[in-house]
$ cat my_file-v9.tsv   # TSV, C-alpha atoms
chain	number	residue	atom	x	y	z
A	1	MET	CA	-18.67	8.82	3.39
A	2	LYS	CA	-17.16	10.65	0.48
A	3	ILE	CA	-13.68	9.17	0.02
A	4	MET	CA	-10.89	10.29	-2.27
A	5	ILE	CA	-8.32	7.58	-2.98
A	6	THR	CA	-5.06	8.62	-4.61
A	7	GLY	CA	-3.66	6.12	-7.07
A	8	GLY	CA	-7.21	4.91	-7.67
A	9	ALA	CA	-6.16	2.32	-10.26
A	10	GLY	CA	-3.45	0.81	-8.09
A	11	PHE	CA	-3.32	-2.63	-6.52
A	12	VAL	CA	-4.39	-1.79	-2.96
A	13	ALA	CA	-6.56	1.11	-4.10
A	14	SER	CA	-8.60	-1.12	-6.41
A	15	HIS	CA	-9.56	-3.34	-3.47
A	16	LEU	CA	-10.32	-0.35	-1.23
A	17	VAL	CA	-12.52	1.11	-3.98
A	18	ASP	CA	-14.49	-2.15	-4.17
A	19	LEU	CA	-15.04	-2.13	-0.40
A	20	CYS	CA	-16.11	1.51	-0.29
A	21	LEU	CA	-18.59	1.06	-3.13
A	22	LYS	CA	-19.96	-2.07	-1.47
A	23	ASN	CA	-20.60	0.00	1.66
A	24	GLY	CA	-22.39	2.74	-0.27
A	25	ASP	CA	-19.69	5.38	-0.15
A	26	LYS	CA	-19.04	7.93	-2.86
A	27	VAL	CA	-15.54	7.39	-4.25
A	28	ILE	CA	-13.24	9.70	-6.15
A	29	GLY	CA	-10.06	8.15	-7.51
A	30	THR	CA	-7.07	10.13	-8.67
A	31	VAL	CA	-5.00	8.75	-11.55
A	32	ARG	CA	-2.08	9.91	-13.65
A	33	TRP	CA	-2.59	10.77	-17.32
A	34	ASN	CA	-0.52	7.80	-18.54
A	35	GLU	CA	-1.55	5.23	-15.95
A	36	ASP	CA	-2.64	1.65	-16.62
A	37	LEU	CA	-6.36	1.80	-15.88
A	38	SER	CA	-7.09	-1.92	-16.22
A	39	ARG	CA	-7.84	-2.18	-12.48
A	40	LEU	CA	-9.89	1.02	-12.35
A	41	ASN	CA	-13.49	0.55	-11.22
A	42	LYS	CA	-15.75	2.35	-13.71
A	43	ASN	CA	-18.25	3.26	-10.96
A	44	ILE	CA	-16.11	5.98	-9.40
A	45	LYS	CA	-15.44	9.59	-10.26
A	46	VAL	CA	-11.99	9.99	-11.79
A	47	GLU	CA	-9.72	13.00	-11.33
A	48	TYR	CA	-6.44	13.29	-13.20
A	49	CYS	CA	-3.69	14.51	-10.86
A	50	GLU	CA	0.06	14.47	-10.42
A	51	LEU	CA	1.38	14.17	-6.88
A	52	THR	CA	4.24	16.46	-7.85
A	53	ASP	CA	1.81	19.12	-9.15
A	54	LEU	CA	0.39	20.92	-6.11
A	55	SER	CA	-2.13	22.91	-8.15
A	56	SER	CA	-3.76	19.76	-9.54
A	57	LEU	CA	-4.21	18.41	-6.01
A	58	ILE	CA	-5.71	21.66	-4.73
A	59	ARG	CA	-8.16	21.65	-7.65
A	60	ALA	CA	-9.23	18.02	-7.15
A	61	ILE	CA	-9.56	18.17	-3.36
A	62	ASN	CA	-11.36	21.52	-3.33
A	63	LYS	CA	-13.74	20.37	-6.07
A	64	HIS	CA	-14.93	17.33	-4.10
A	65	ARG	CA	-14.04	18.15	-0.47
A	66	PRO	CA	-13.99	14.48	0.58
A	67	ASP	CA	-14.53	13.39	4.18
A	68	VAL	CA	-11.55	11.03	3.89
A	69	ILE	CA	-8.45	11.26	1.72
A	70	SER	CA	-6.73	7.87	1.54
A	71	HIS	CA	-3.32	8.53	0.09
A	72	LEU	CA	-2.23	5.26	-1.51
A	73	ALA	CA	-0.38	6.55	-4.59
A	74	ALA	CA	3.37	6.00	-4.48
A	75	GLN	CA	6.43	4.76	-6.32
A	76	SER	CA	6.47	1.48	-4.42
A	77	TRP	CA	8.90	-0.76	-6.31
A	78	VAL	CA	11.99	-1.01	-4.10
A	79	PRO	CA	14.49	-2.15	-6.80
A	80	TYR	CA	13.39	0.76	-9.01
A	81	SER	CA	14.00	3.17	-6.13
A	82	PHE	CA	17.72	2.34	-6.18
A	83	ASP	CA	17.97	3.23	-9.87
A	84	ASN	CA	15.71	6.28	-9.61
A	85	PRO	CA	16.03	7.70	-6.08
A	86	ILE	CA	15.24	11.31	-7.03
A	87	TYR	CA	11.97	10.37	-8.73
A	88	THR	CA	11.09	8.09	-5.81
A	89	MET	CA	11.67	10.88	-3.30
A	90	GLU	CA	9.71	13.38	-5.36
A	91	VAL	CA	6.68	11.10	-5.59
A	92	ASN	CA	6.72	9.55	-2.12
A	93	ALA	CA	7.97	12.40	0.07
A	94	ILE	CA	7.16	15.60	-1.85
A	95	GLY	CA	3.98	14.08	-3.27
A	96	THR	CA	2.71	13.37	0.24
A	97	LEU	CA	3.73	16.85	1.36
A	98	ASN	CA	1.70	18.26	-1.53
A	99	ILE	CA	-1.41	16.37	-0.35
A	100	LEU	CA	-0.99	17.84	3.14
A	101	GLU	CA	-0.23	21.31	1.80
A	102	ALA	CA	-3.22	21.25	-0.54
A	103	VAL	CA	-5.58	20.65	2.37
A	104	ARG	CA	-3.83	23.31	4.47
A	105	ILE	CA	-4.16	25.89	1.67
A	106	ILE	CA	-7.87	25.12	1.15
A	107	ARG	CA	-8.45	25.56	4.90
A	108	GLU	CA	-6.49	28.83	4.91
A	109	ILE	CA	-8.62	30.20	2.07
A	110	ASP	CA	-11.79	29.16	3.89
A	111	ASN	CA	-10.63	30.94	7.02
A	112	TYR	CA	-9.80	34.07	5.06
A	113	ASN	CA	-13.24	34.13	3.47
A	114	VAL	CA	-14.93	33.65	6.83
A	115	VAL	CA	-12.93	36.46	8.43
A	116	HIS	CA	-13.69	38.81	5.53
A	117	ARG	CA	-17.36	37.79	5.44
A	118	GLN	CA	-17.28	36.37	1.97
A	119	PHE	CA	-20.01	33.91	2.95
A	120	THR	CA	-23.22	35.91	3.01
A	121	GLU	CA	-25.81	33.20	3.75
A	122	HIS	CA	-24.07	30.92	6.18
A	123	GLN	CA	-20.63	30.04	7.41
A	124	PRO	CA	-19.57	26.65	6.10
A	125	PRO	CA	-18.19	24.10	8.54
A	126	GLU	CA	-14.44	24.03	8.85
A	127	TYR	CA	-12.97	21.69	6.26
A	128	ASN	CA	-10.76	19.20	8.08
A	129	PRO	CA	-10.85	15.79	6.36
A	130	LEU	CA	-9.33	12.66	7.79
A	131	ILE	CA	-6.10	12.20	5.83
A	132	HIS	CA	-4.85	8.64	5.65
A	133	ILE	CA	-1.12	8.47	5.01
A	134	CYS	CA	-0.15	5.00	3.88
A	135	SER	CA	3.32	4.61	5.34
A	136	SER	CA	5.18	1.29	5.31
A	137	SER	CA	7.02	-1.30	7.35
A	138	GLU	CA	10.05	-0.06	5.39
A	139	PHE	CA	9.92	2.88	7.81
A	140	TYR	CA	11.59	0.57	10.35
A	141	GLY	CA	14.02	-1.12	7.98
A	142	LYS	CA	16.25	-3.84	9.37
A	143	VAL	CA	15.53	-4.27	13.08
A	144	PRO	CA	17.74	-6.61	15.15
A	145	LYS	CA	15.91	-9.77	16.20
A	146	ASP	CA	16.41	-8.99	19.90
A	147	LYS	CA	14.60	-5.66	19.37
A	148	GLN	CA	11.49	-7.27	17.91
A	149	PRO	CA	8.51	-7.35	17.79
A	150	ILE	CA	8.41	-3.90	16.22
A	151	THR	CA	6.20	-1.30	17.94
A	152	GLU	CA	5.07	2.08	16.65
A	153	SER	CA	7.75	3.72	18.82
A	154	HIS	CA	10.65	1.98	17.06
A	155	ALA	CA	13.05	4.40	15.39
A	156	ALA	CA	13.12	4.89	11.62
A	157	SER	CA	15.92	2.97	9.95
A	158	PRO	CA	15.12	2.67	6.23
A	159	MET	CA	17.33	0.46	4.06
A	160	ASN	CA	16.41	1.74	0.60
A	161	PRO	CA	15.36	4.98	-1.16
A	162	TYR	CA	11.72	3.88	-1.13
A	163	GLY	CA	11.87	3.55	2.66
A	164	VAL	CA	13.60	6.94	3.01
A	165	GLY	CA	10.79	8.55	1.02
A	166	LYS	CA	8.19	6.87	3.23
A	167	VAL	CA	9.98	8.10	6.36
A	168	GLY	CA	9.91	11.65	5.02
A	169	ALA	CA	6.19	11.40	4.28
A	170	ASP	CA	5.47	9.78	7.66
A	171	LEU	CA	7.36	12.41	9.67
A	172	MET	CA	5.94	15.32	7.67
A	173	ALA	CA	2.42	14.03	8.30
A	174	GLN	CA	3.13	13.90	12.03
A	175	LEU	CA	4.30	17.50	11.90
A	176	TYR	CA	1.19	18.68	10.04
A	177	GLU	CA	-1.05	16.98	12.60
A	178	LYS	CA	0.67	18.75	15.48
A	179	TYR	CA	1.37	22.16	13.92
A	180	TYR	CA	-1.70	22.67	11.73
A	181	ASP	CA	-4.24	20.72	13.81
A	182	MET	CA	-5.05	18.41	10.93
A	183	ARG	CA	-6.63	14.97	11.32
A	184	ILE	CA	-3.92	12.53	10.27
A	185	LEU	CA	-4.04	8.74	10.29
A	186	ILE	CA	-0.74	6.96	9.58
A	187	THR	CA	-0.77	3.24	8.87
A	188	ARG	CA	2.45	1.23	8.71
A	189	MET	CA	1.26	-1.88	6.93
A	190	PHE	CA	3.54	-4.89	6.78
A	191	THR	CA	3.61	-7.45	3.97
A	192	HIS	CA	0.28	-7.73	2.15
A	193	THR	CA	-0.55	-9.30	-1.18
A	194	GLY	CA	-3.27	-10.90	-3.22
A	195	PRO	CA	-4.93	-10.94	-6.64
A	196	ARG	CA	-4.37	-7.92	-8.94
A	197	ARG	CA	-0.87	-7.33	-7.67
A	198	THR	CA	1.39	-6.95	-10.70
A	199	MET	CA	4.50	-5.54	-9.02
A	200	MET	CA	7.03	-8.35	-9.04
A	201	SER	CA	7.47	-8.93	-5.33
A	202	ALA	CA	8.67	-12.46	-4.57
A	203	GLU	CA	5.28	-14.16	-4.23
A	204	CYS	CA	3.98	-12.54	-7.45
A	205	PHE	CA	7.18	-13.36	-9.30
A	206	TYR	CA	6.86	-17.03	-8.39
A	207	ALA	CA	3.11	-17.22	-8.98
A	208	LYS	CA	3.56	-15.70	-12.43
A	209	ARG	CA	6.49	-17.97	-13.29
A	210	ILE	CA	4.57	-21.08	-12.20
A	211	ALA	CA	1.56	-20.00	-14.28
A	212	GLU	CA	3.84	-19.48	-17.28
A	213	ILE	CA	5.37	-22.94	-16.90
A	214	GLU	CA	1.93	-24.53	-16.56
A	215	LYS	CA	1.02	-23.08	-19.96
A	216	ILE	CA	3.97	-24.75	-21.70
A	217	TRP	CA	4.40	-27.81	-19.48
A	218	ASN	CA	6.34	-30.71	-20.98
A	219	GLU	CA	7.15	-33.81	-18.92
A	220	GLU	CA	10.48	-34.18	-20.73
A	221	ALA	CA	11.69	-30.63	-20.03
A	222	VAL	CA	13.34	-29.03	-17.02
A	223	PHE	CA	12.10	-25.55	-16.15
A	224	LYS	CA	14.18	-23.03	-14.22
A	225	ILE	CA	12.88	-20.70	-11.54
A	226	PRO	CA	15.23	-17.88	-10.45
A	227	ILE	CA	15.55	-17.36	-6.71
A	228	GLY	CA	17.05	-14.79	-4.35
A	229	ASN	CA	17.19	-14.71	-0.55
A	230	MET	CA	14.80	-17.53	0.28
A	231	LYS	CA	15.39	-17.35	4.05
A	232	SER	CA	13.79	-13.93	4.38
A	233	ILE	CA	10.72	-14.14	6.65
A	234	ARG	CA	7.59	-12.04	6.24
A	235	THR	CA	4.35	-11.72	8.20
A	236	TRP	CA	1.62	-12.07	5.57
A	237	ARG	CA	-1.81	-10.44	5.25
A	238	ASP	CA	-4.29	-10.57	2.39
A	239	VAL	CA	-4.87	-7.21	0.70
A	240	ARG	CA	-8.64	-7.71	1.01
A	241	ASP	CA	-8.25	-7.91	4.79
A	242	ALA	CA	-5.79	-4.99	4.74
A	243	VAL	CA	-8.29	-2.61	3.14
A	244	LYS	CA	-10.89	-3.65	5.71
A	245	ASP	CA	-8.37	-2.62	8.37
A	246	TYR	CA	-8.01	0.78	6.73
A	247	TYR	CA	-11.75	1.18	6.34
A	248	ALA	CA	-12.45	0.35	9.99
A	249	LEU	CA	-10.03	3.10	11.01
A	250	PHE	CA	-11.79	5.56	8.67
A	251	LYS	CA	-15.23	4.72	10.06
A	252	ASP	CA	-14.04	5.29	13.62
A	253	GLY	CA	-12.31	8.53	12.68
A	254	LYS	CA	-9.04	7.28	14.14
A	255	THR	CA	-5.93	9.42	14.05
A	256	GLY	CA	-2.37	8.62	15.07
A	257	ILE	CA	-0.02	5.82	14.05
A	258	TYR	CA	-0.93	2.14	13.69
A	259	ASN	CA	1.14	-0.90	12.84
A	260	ILE	CA	-0.97	-3.38	10.88
A	261	SER	CA	0.03	-6.86	9.81
A	262	GLY	CA	-1.18	-10.40	9.38
A	263	ASP	CA	-0.52	-13.23	11.78
A	264	THR	CA	1.12	-15.79	9.48
A	265	GLN	CA	4.91	-15.89	9.28
A	266	LYS	CA	6.42	-17.63	6.27
A	267	SER	CA	9.82	-17.50	4.61
A	268	ILE	CA	10.05	-16.81	0.89
A	269	GLN	CA	11.10	-20.45	0.44
A	270	GLU	CA	7.92	-21.61	2.20
A	271	VAL	CA	5.88	-19.36	-0.08
A	272	LEU	CA	7.46	-20.86	-3.18
A	273	ASP	CA	7.07	-24.38	-1.81
A	274	TYR	CA	3.37	-23.83	-1.19
A	275	LEU	CA	2.76	-22.30	-4.62
A	276	LEU	CA	4.46	-25.28	-6.23
A	277	SER	CA	2.43	-27.69	-4.10
A	278	ILE	CA	-0.88	-26.26	-5.38
A	279	SER	CA	0.30	-26.06	-8.99
A	280	SER	CA	0.02	-28.77	-11.65
A	281	LEU	CA	3.81	-28.98	-11.95
A	282	ASN	CA	5.97	-31.97	-11.13
A	283	ARG	CA	8.67	-30.80	-8.73
A	284	LYS	CA	11.32	-33.06	-10.29
A	285	ASN	CA	11.07	-31.00	-13.48
A	286	ILE	CA	11.77	-27.74	-11.62
A	287	GLU	CA	15.26	-26.36	-11.04
A	288	LEU	CA	15.76	-23.46	-8.62
A	289	VAL	CA	18.61	-21.21	-9.78
A	290	GLU	CA	20.08	-18.52	-7.53
A	291	VAL	CA	20.44	-15.24	-9.44
A	292	PRO	CA	22.82	-12.62	-7.97
A	293	ASN	CA	20.77	-9.60	-9.04
A	294	LEU	CA	17.85	-10.88	-6.95
A	295	LEU	CA	19.98	-10.53	-3.81
A	296	ARG	CA	20.02	-7.13	-2.09
A	297	LYS	CA	23.15	-5.78	-0.42
A	298	VAL	CA	21.05	-5.07	2.66
A	299	ASP	CA	17.90	-7.14	3.02
A	300	VAL	CA	15.12	-6.71	5.57
A	301	ASP	CA	14.99	-10.43	6.28
A	302	LEU	CA	12.84	-10.54	9.42
A	303	GLN	CA	10.02	-8.32	10.66
A	304	LEU	CA	7.92	-9.44	13.61
A	305	THR	CA	5.19	-6.92	14.34
A	306	ASP	CA	3.55	-5.67	17.50
A	307	ILE	CA	-0.03	-4.74	16.52
A	308	SER	CA	-1.39	-4.61	20.07
A	309	LYS	CA	-2.57	-1.00	19.61
A	310	PHE	CA	-4.54	-1.88	16.49
A	311	LYS	CA	-5.95	-5.06	18.04
A	312	LYS	CA	-7.09	-3.18	21.13
A	313	GLU	CA	-8.94	-0.47	19.20
A	314	ILE	CA	-10.03	-1.98	15.89
A	315	TYR	CA	-8.88	-5.54	15.31
A	316	GLN	CA	-11.16	-7.79	13.29
A	317	GLU	CA	-10.75	-11.43	12.37
A	318	LYS	CA	-9.13	-12.10	9.03
A	319	GLU	CA	-11.30	-13.48	6.27
A	320	PHE	CA	-8.52	-14.85	4.07
A	321	SER	CA	-5.98	-17.43	5.22
A	322	PHE	CA	-2.43	-17.43	3.89
A	323	GLU	CA	-3.30	-20.51	1.82
A	324	GLN	CA	-6.38	-18.86	0.30
A	325	THR	CA	-4.38	-15.75	-0.54
A	326	MET	CA	-1.77	-17.78	-2.38
A	327	ARG	CA	-4.39	-19.84	-4.20
A	328	ASP	CA	-6.15	-16.68	-5.38
A	329	LEU	CA	-2.84	-15.09	-6.37
A	330	LEU	CA	-1.85	-18.09	-8.47
A	331	GLU	CA	-5.27	-18.21	-10.09
A	332	TYR	CA	-4.98	-14.50	-10.93
A	333	TRP	CA	-1.73	-15.14	-12.78
A	334	ARG	CA	-3.13	-18.20	-14.53
A	335	GLU	CA	-5.75	-15.87	-15.99
A	336	ASN	CA	-3.28	-13.12	-16.86
A	337	VAL	CA	-0.09	-14.68	-18.26

$ encode --input "my_file-v9.tsv" --output "structure tokens"
Amino acid sequence: MKIMITGGAGFVASHLVDLCLKNGDKVIGTVRWNEDLSRLNKNIKVEYCELTDLSSLIRAINKHRPDVISHLAAQSWVPYSFDNPIYTMEVNAIGTLNILEAVRIIREIDNYNVVHRQFTEHQPPEYNPLIHICSSSEFYGKVPKDKQPITESHAASPMNPYGVGKVGADLMAQLYEKYYDMRILITRMFTHTGPRRTMMSAECFYAKRIAEIEKIWNEEAVFKIPIGNMKSIRTWRDVRDAVKDYYALFKDGKTGIYNISGDTQKSIQEVLDYLLSISSLNRKNIELVEVPNLLRKVDVDLQLTDISKFKKEIYQEKEFSFEQTMRDLLEYWRENV
């Protein structure tokens, strides 16, 4: 396949790029002009694009005409979305709309040229790539426990600007599939993590802090670790398994909406406890300090997922256990603090 991955230097994208190259696919990665390219695989074709610049997307997509467009680029840091909601909406909602509109415009131009016989030798096949819209479990927001597990038919109820942007993108993609007969795949992935993740979600925050303390460990000192809502429960999946889920959907040409998640449920406290247990630290030298700004006014503290649709059509056994994921994450931060 020829696959274009937006946000090609991002956390999830970097793992998807590795998988695609391993499978012999041709990969084009879009990046922003000022992006950190430390995770960018040098064996792909790079296109500089802005999600908010429709013309740059039309140029890049029309130049390569990929079989699959996996749209992974986003402003995905939830705390930042509260401080910068307009930017978050522009990137996540309007940026996704621009991807869809770019493909629609290219198809419209093709149709015009066919009708007006601009192709003298042969009529090219209709360009209709599979467009993967990476939605989010934040689409569902805070779902009452008695209404879980969460199915694809659950109503949208986002609890932050990031989630609102993802809802807009998700719903717009559904409209384009129905109205413009485009091939749209929407994945609502739940919590996933692993090495190369630098966004300070809870597990990365704690893995990084533990790695920092290991570097300066002193048996006589007490080291503080800030904490927030430690009772929040997540269903965990390794990013390397997550991109295999995406890829399996691409290979089968699946369209529609799929919940995807892991099968291991752990609270944030259990995550921290495990990271500490595999570290070289002595627990008696560690003090957990609750910090108010790590507590959200509205927290999505429990998400149990129904992935029966995905399991029926695609499901594959996970390669990475929760424990292996956390070990690899901690090792990543040991190498990068």

$ atom_distance --input "my_file-v9.tsv" --atom1 "CA of Ile184 in chain A" --atom2 "CA of Phe250 in chain A"
10.6 Å

$ residues_around --input "my_file-v9.tsv" --residues "Val68 in chain A" --least-positions-apart "6" --cutoff "12 Å" --atoms "all atoms listed in the file" --output "ChimeraX atom specification"
/A:1-6,20,25-29,61,103,127-133,183-185,246-247,249-255

$ write_last_selection --input "my_file-v9.tsv" --atoms "C-alpha atoms" --output "mmCIF file, in the frame of the given file"
data_model
loop_
_atom_site.group_PDB
_atom_site.id
_atom_site.type_symbol
_atom_site.label_atom_id
_atom_site.label_comp_id
_atom_site.auth_asym_id
_atom_site.auth_seq_id
_atom_site.Cartn_x
_atom_site.Cartn_y
_atom_site.Cartn_z
ATOM 1 C CA MET A 1 -18.670 8.820 3.390
ATOM 2 C CA LYS A 2 -17.160 10.650 0.480
ATOM 3 C CA ILE A 3 -13.680 9.170 0.020
ATOM 4 C CA MET A 4 -10.890 10.290 -2.270
ATOM 5 C CA ILE A 5 -8.320 7.580 -2.980
ATOM 6 C CA THR A 6 -5.060 8.620 -4.610
ATOM 7 C CA CYS A 20 -16.110 1.510 -0.290
ATOM 8 C CA ASP A 25 -19.690 5.380 -0.150
ATOM 9 C CA LYS A 26 -19.040 7.930 -2.860
ATOM 10 C CA VAL A 27 -15.540 7.390 -4.250
ATOM 11 C CA ILE A 28 -13.240 9.700 -6.150
ATOM 12 C CA GLY A 29 -10.060 8.150 -7.510
ATOM 13 C CA ILE A 61 -9.560 18.170 -3.360
ATOM 14 C CA VAL A 103 -5.580 20.650 2.370
ATOM 15 C CA TYR A 127 -12.970 21.690 6.260
ATOM 16 C CA ASN A 128 -10.760 19.200 8.080
ATOM 17 C CA PRO A 129 -10.850 15.790 6.360
ATOM 18 C CA LEU A 130 -9.330 12.660 7.790
ATOM 19 C CA ILE A 131 -6.100 12.200 5.830
ATOM 20 C CA HIS A 132 -4.850 8.640 5.650
ATOM 21 C CA ILE A 133 -1.120 8.470 5.010
ATOM 22 C CA ARG A 183 -6.630 14.970 11.320
ATOM 23 C CA ILE A 184 -3.920 12.530 10.270
ATOM 24 C CA LEU A 185 -4.040 8.740 10.290
ATOM 25 C CA TYR A 246 -8.010 0.780 6.730
ATOM 26 C CA TYR A 247 -11.750 1.180 6.340
ATOM 27 C CA LEU A 249 -10.030 3.100 11.010
ATOM 28 C CA PHE A 250 -11.790 5.560 8.670
ATOM 29 C CA LYS A 251 -15.230 4.720 10.060
ATOM 30 C CA ASP A 252 -14.040 5.290 13.620
ATOM 31 C CA GLY A 253 -12.310 8.530 12.680
ATOM 32 C CA LYS A 254 -9.040 7.280 14.140
ATOM 33 C CA THR A 255 -5.930 9.420 14.050
#

$ closest_residue --input "my_file-v9.tsv" --among "A:Thr151, A:Ser70, A:Thr198, A:Ser321" --to "Val243 in chain A" --atoms "all atoms listed in the file"
A:Ser70

$ closest_atom_pairs --input "my_file-v9.tsv" --of "range 110-211 of chain A" --to "range 14-18 of chain A" --cutoff "12 Å" --atoms "only C-alpha atoms" --output "tab-separated table"
residue	atom	partner	partner_atom	distance
A:Thr193	CA	A:His15	CA	11.0
A:Gly194	CA	A:His15	CA	9.8
A:Pro195	CA	A:His15	CA	9.4
A:Arg196	CA	A:Ser14	CA	8.4
A:Arg197	CA	A:Ser14	CA	10.0

$ atom_distance --input "my_file-v9.tsv" --atom1 "CA of Leu276 in chain A" --atom2 "CA of Ile213 in chain A"
11.0 Å

$ residues_around --input "my_file-v9.tsv" --residues "Val78 in chain A" --least-positions-apart "6" --cutoff "10 Å" --atoms "only C-alpha atoms" --output "list in words"
Asn84, Pro85, Thr88, Glu138, Met159, Asn160, Pro161, Tyr162, Gly163 and Ser201 of chain A

$ closest_atom_pairs --input "my_file-v9.tsv" --of "range 102-176 of chain A" --to "range 232-240 of chain A" --cutoff "12 Å" --atoms "all atoms listed in the file" --output "CSV"
residue,atom,partner,partner_atom,distance
A:Ser137,CA,A:Thr235,CA,10.8
A:Lys142,CA,A:Ser232,CA,11.5
A:Lys145,CA,A:Ile233,CA,11.7
A:Pro149,CA,A:Thr235,CA,11.3
A:Ile150,CA,A:Thr235,CA,11.9

$ residues_around --input "my_file-v9.tsv" --residues "Ile268 in chain A" --least-positions-apart "6" --cutoff "12 Å" --atoms "all atoms listed in the file" --output "ChimeraX atom specification"
/A:191,201-206,227-236,274-275,301-302

$ atom_distance --input "my_file-v9.tsv" --atom1 "CA of Gln303 in chain A" --atom2 "CA of Met199 in chain A"
20.6 Å

$ closest_residue --input "my_file-v9.tsv" --among "A:Asp263, A:Glu335, A:Asp306, A:Asp273" --to "Phe320 in chain A" --atoms "only C-alpha atoms"
A:Asp263

$ closest_residue --input "my_file-v9.tsv" --among "A:Glu287, A:Glu313, A:Glu101, A:Glu323" --to "Thr264 in chain A" --atoms "all atoms listed in the file"
A:Glu323

$ closest_residue --input "my_file-v9.tsv" --among "A:Leu304, A:Val114, A:Ile314, A:Leu288" --to "Tyr258 in chain A" --atoms "only C-alpha atoms"
A:Ile314

$ closest_residue --input "my_file-v9.tsv" --among "A:Gln148, A:Gly165, A:Lys309, A:Lys244" --to "Phe82 in chain A" --atoms "only C-alpha atoms"
A:Gly165
